[in-house]
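What follows is the content of upload-v8.csv, which has CSV, C-alpha atoms:
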chain,number,residue,atom,x,y,z
A,297,MET,CA,120.9,107.6,109.3
A,298,GLN,CA,120.7,109.4,112.7
A,299,LYS,CA,118.6,112.2,114.1
A,300,ILE,CA,121.0,115.0,115.1
A,301,TYR,CA,118.8,118.0,115.8
A,302,SER,CA,115.2,118.8,116.8
A,303,ASN,CA,113.6,122.2,117.5
A,304,GLU,CA,110.0,123.4,117.9
A,305,HIS,CA,110.7,126.1,115.2
A,306,LEU,CA,110.9,125.0,111.6
A,307,HIS,CA,113.2,127.9,110.7
A,308,MET,CA,115.8,126.8,113.2
A,309,ALA,CA,115.8,123.2,111.9
A,310,GLY,CA,116.1,124.5,108.4
A,311,HIS,CA,119.0,126.8,109.4
A,312,ILE,CA,120.9,123.8,110.9
A,313,LYS,CA,120.2,121.7,107.8
A,314,ASN,CA,121.6,124.5,105.6
A,315,LEU,CA,124.7,124.8,107.8
A,316,LEU,CA,125.3,121.1,107.6
A,317,GLU,CA,124.9,121.0,103.9
A,318,GLN,CA,127.3,124.0,103.5
A,319,SER,CA,129.8,121.9,105.5
A,320,GLY,CA,129.4,119.0,103.0
A,321,ILE,CA,127.3,116.8,105.3
A,322,SER,CA,124.4,115.1,103.6
A,323,CYS,CA,121.2,115.5,105.7
A,324,SER,CA,117.4,115.7,105.5
A,325,LEU,CA,114.6,117.6,107.2
A,326,ARG,CA,111.7,115.6,108.6
A,327,ASN,CA,108.4,116.4,110.3
A,328,GLN,CA,108.2,119.8,108.8
A,329,ASN,CA,104.5,119.4,108.2
A,330,LEU,CA,103.4,117.8,111.5
A,331,SER,CA,102.8,120.9,113.6
A,332,GLY,CA,99.1,120.5,112.9
A,333,GLY,CA,99.2,117.2,114.7
A,334,ILE,CA,100.2,118.7,118.1
A,335,GLY,CA,97.5,117.9,120.6
A,336,GLY,CA,96.6,114.6,119.0
A,337,LEU,CA,100.2,113.4,118.9
A,338,PRO,CA,103.0,114.0,121.4
A,339,PHE,CA,104.4,117.5,120.8
A,340,LEU,CA,108.0,116.4,120.8
A,341,GLU,CA,107.2,113.9,118.1
A,342,CYS,CA,105.9,116.7,115.9
A,343,TRP,CA,108.9,118.9,116.1
A,344,PRO,CA,111.0,119.3,112.9
A,345,GLU,CA,114.1,117.1,112.9
A,346,VAL,CA,117.4,117.1,111.0
A,347,TRP,CA,118.9,113.7,110.2
A,348,VAL,CA,122.4,113.0,108.9
A,349,GLU,CA,122.4,110.5,106.1
A,350,ASP,CA,125.8,108.9,106.9
A,351,ASP,CA,126.4,107.9,110.5
A,352,ARG,CA,130.1,108.6,110.0
A,353,ASP,CA,129.3,112.3,109.7
A,354,TYR,CA,127.6,112.5,113.1
A,355,ALA,CA,130.6,113.8,115.1
A,356,ARG,CA,131.4,116.4,112.5
A,357,ALA,CA,127.8,117.5,112.3
A,358,MET,CA,127.6,117.9,116.1
A,359,SER,CA,130.7,120.2,116.0
A,360,VAL,CA,129.0,122.3,113.3
A,361,ILE,CA,125.8,122.6,115.5
A,362,GLU,CA,127.8,123.4,118.6
A,363,ALA,CA,129.8,126.1,116.8
A,364,ALA,CA,126.6,127.6,115.4
A,365,SER,CA,125.0,127.6,118.9
A,366,ALA,CA,128.0,129.3,120.7
A,367,PRO,CA,127.5,132.9,121.7
A,368,GLU,CA,129.5,135.4,119.7
A,369,HIS,CA,130.5,137.4,122.7
A,370,ASP,CA,130.4,137.1,126.5
A,371,GLU,CA,126.9,138.2,127.3
A,372,GLN,CA,127.6,138.0,131.1
A,373,THR,CA,130.2,140.8,131.2
A,374,ALA,CA,128.5,144.0,132.4
A,375,TRP,CA,130.0,147.3,131.4
A,376,ILE,CA,129.9,150.9,132.8
A,377,CYS,CA,128.8,153.7,130.5
A,378,GLN,CA,130.4,157.1,130.4
A,379,CYS,CA,127.3,158.4,132.2
A,380,GLY,CA,128.0,156.0,135.1
A,381,GLU,CA,125.2,153.5,134.5
A,382,GLU,CA,125.9,149.8,134.6
A,383,ASN,CA,124.6,147.9,131.6
A,384,PRO,CA,124.2,144.1,131.0
A,385,GLY,CA,126.8,142.6,128.7
A,386,GLN,CA,124.3,141.9,125.9
A,387,PHE,CA,123.4,145.7,125.6
A,388,LEU,CA,125.3,147.3,122.8
A,389,SER,CA,124.3,150.8,123.9
A,390,CYS,CA,123.5,152.3,127.3
A,391,TRP,CA,119.9,152.0,128.4
A,392,ASN,CA,120.1,155.4,130.1
A,393,CYS,CA,121.8,157.7,127.6
A,394,ALA,CA,122.0,155.5,124.4
A,395,SER,CA,125.8,155.9,124.1
A,396,ASP,CA,127.5,153.0,122.3
A,397,GLN,CA,129.2,150.3,124.4
A,398,PRO,CA,132.9,151.3,124.6
A,399,GLU,CA,135.5,149.2,122.8
A,400,VAL,CA,137.6,147.0,125.1
A,401,ILE,CA,140.8,148.8,125.8
A,402,PRO,CA,143.7,146.9,127.5
A,403,GLY,CA,143.9,147.9,131.1
A,404,ASN,CA,140.3,148.9,131.5
A,405,THR,CA,138.4,147.1,134.1
A,406,TYR,CA,134.9,145.8,133.3
A,407,LYS,CA,132.7,144.3,135.8

Step by step, read the file and then write its structure as structure tokens.
Amino acid sequence: MQKIYSNEHLHMAGHIKNLLEQSGISCSLRNQNLSGGIGGLPFLECWPEVWVEDDRDYARAMSVIEAASAPEHDEQTAWICQCGEENPGQFLSCWNCASDQPEVIPGNTYK
């Protein structure tokens, strides 16, 4: 049995546990009720933790967590709107005119 994940938010630890179980990896959630102990106990010791039951599943579980943590798209690629304003990559619509981010067309240059 090995600890594989810890997060200050219970819902994130629960999400990771669910993803691992959907992948066929037996795991358990610990410390879900220790948040009230923060202050009297070290805060990192009170965070919810996900543990894999079988040490042989550790590498596969890590790959599931890494895949879940990977960004869906490149948030660093800025784009220029039809109105001429530059928008950060994570914006799906222009902050100036509210036009939707254009689809990537081969040959177009994005900053």

Between atom CA of Glu349 of chain A and atom CA of Ala366 of chain A, what is the distance, to one decimal in Å?
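Those two atoms sit 24.5 Å apart.
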
Could you give me, as a VMD selection string, the residues within 10 Å of Pro398 of chain A, counting all atoms listed in the file and dropping anything in the same chain fewer than 5 positions from it?
chain A and resid 375 to 378 388 to 390

Report, in Å to a single decimal, how far apart atom CA of Lys299 of chain A and atom CA of Leu325 of chain A are.
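Taking atom CA of Leu325 of chain A as the start and atom CA of Lys299 of chain A as the end point, the length is 9.6 Å.
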
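With distances taken over all atoms listed in the file, A:Ser365 is the one residue among A:Ser359, A:Ser322, A:Ser365, A:Asn329 lying closest to Met308 of chain A.
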
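Proximity of A:Asn303, A:Ala374, A:Glu399, A:Arg352 to Phe387 of chain A, computed with all atoms listed in the file, is greatest for A:Ala374.
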
As an exercise, work out the distance from atom CA of Glu341 of chain A to atom CA of Ser302 of chain A in Å and give it to one decimal place.
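Between atom CA of Glu341 of chain A and atom CA of Ser302 of chain A the gap works out to 9.5 Å.
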
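Closest approach to Val348 of chain A among A:Gly380, A:Gly385, A:Gly332, A:Gly320 is made by A:Gly320 (distances from all atoms listed in the file).
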
Which neighbours of Phe339 of chain A fall inside 12 Å, counting all atoms listed in the file, when residues of the same chain fewer than 4 positions from it are skipped, and could you give them as a list in words?
Ser302, Asn303, Glu304, Asn327, Leu330, Ser331, Gly332, Gly333, Ile334, Gly335, Trp343 and Pro344 of chain A

Could you tell me, as a PyMOL selection string, which residues have any atom at most 12 Å from (129.1, 113.8, 115.9), counting all atoms listed in the file?
chain A and resi 298-301+316+321+347-348+350-362
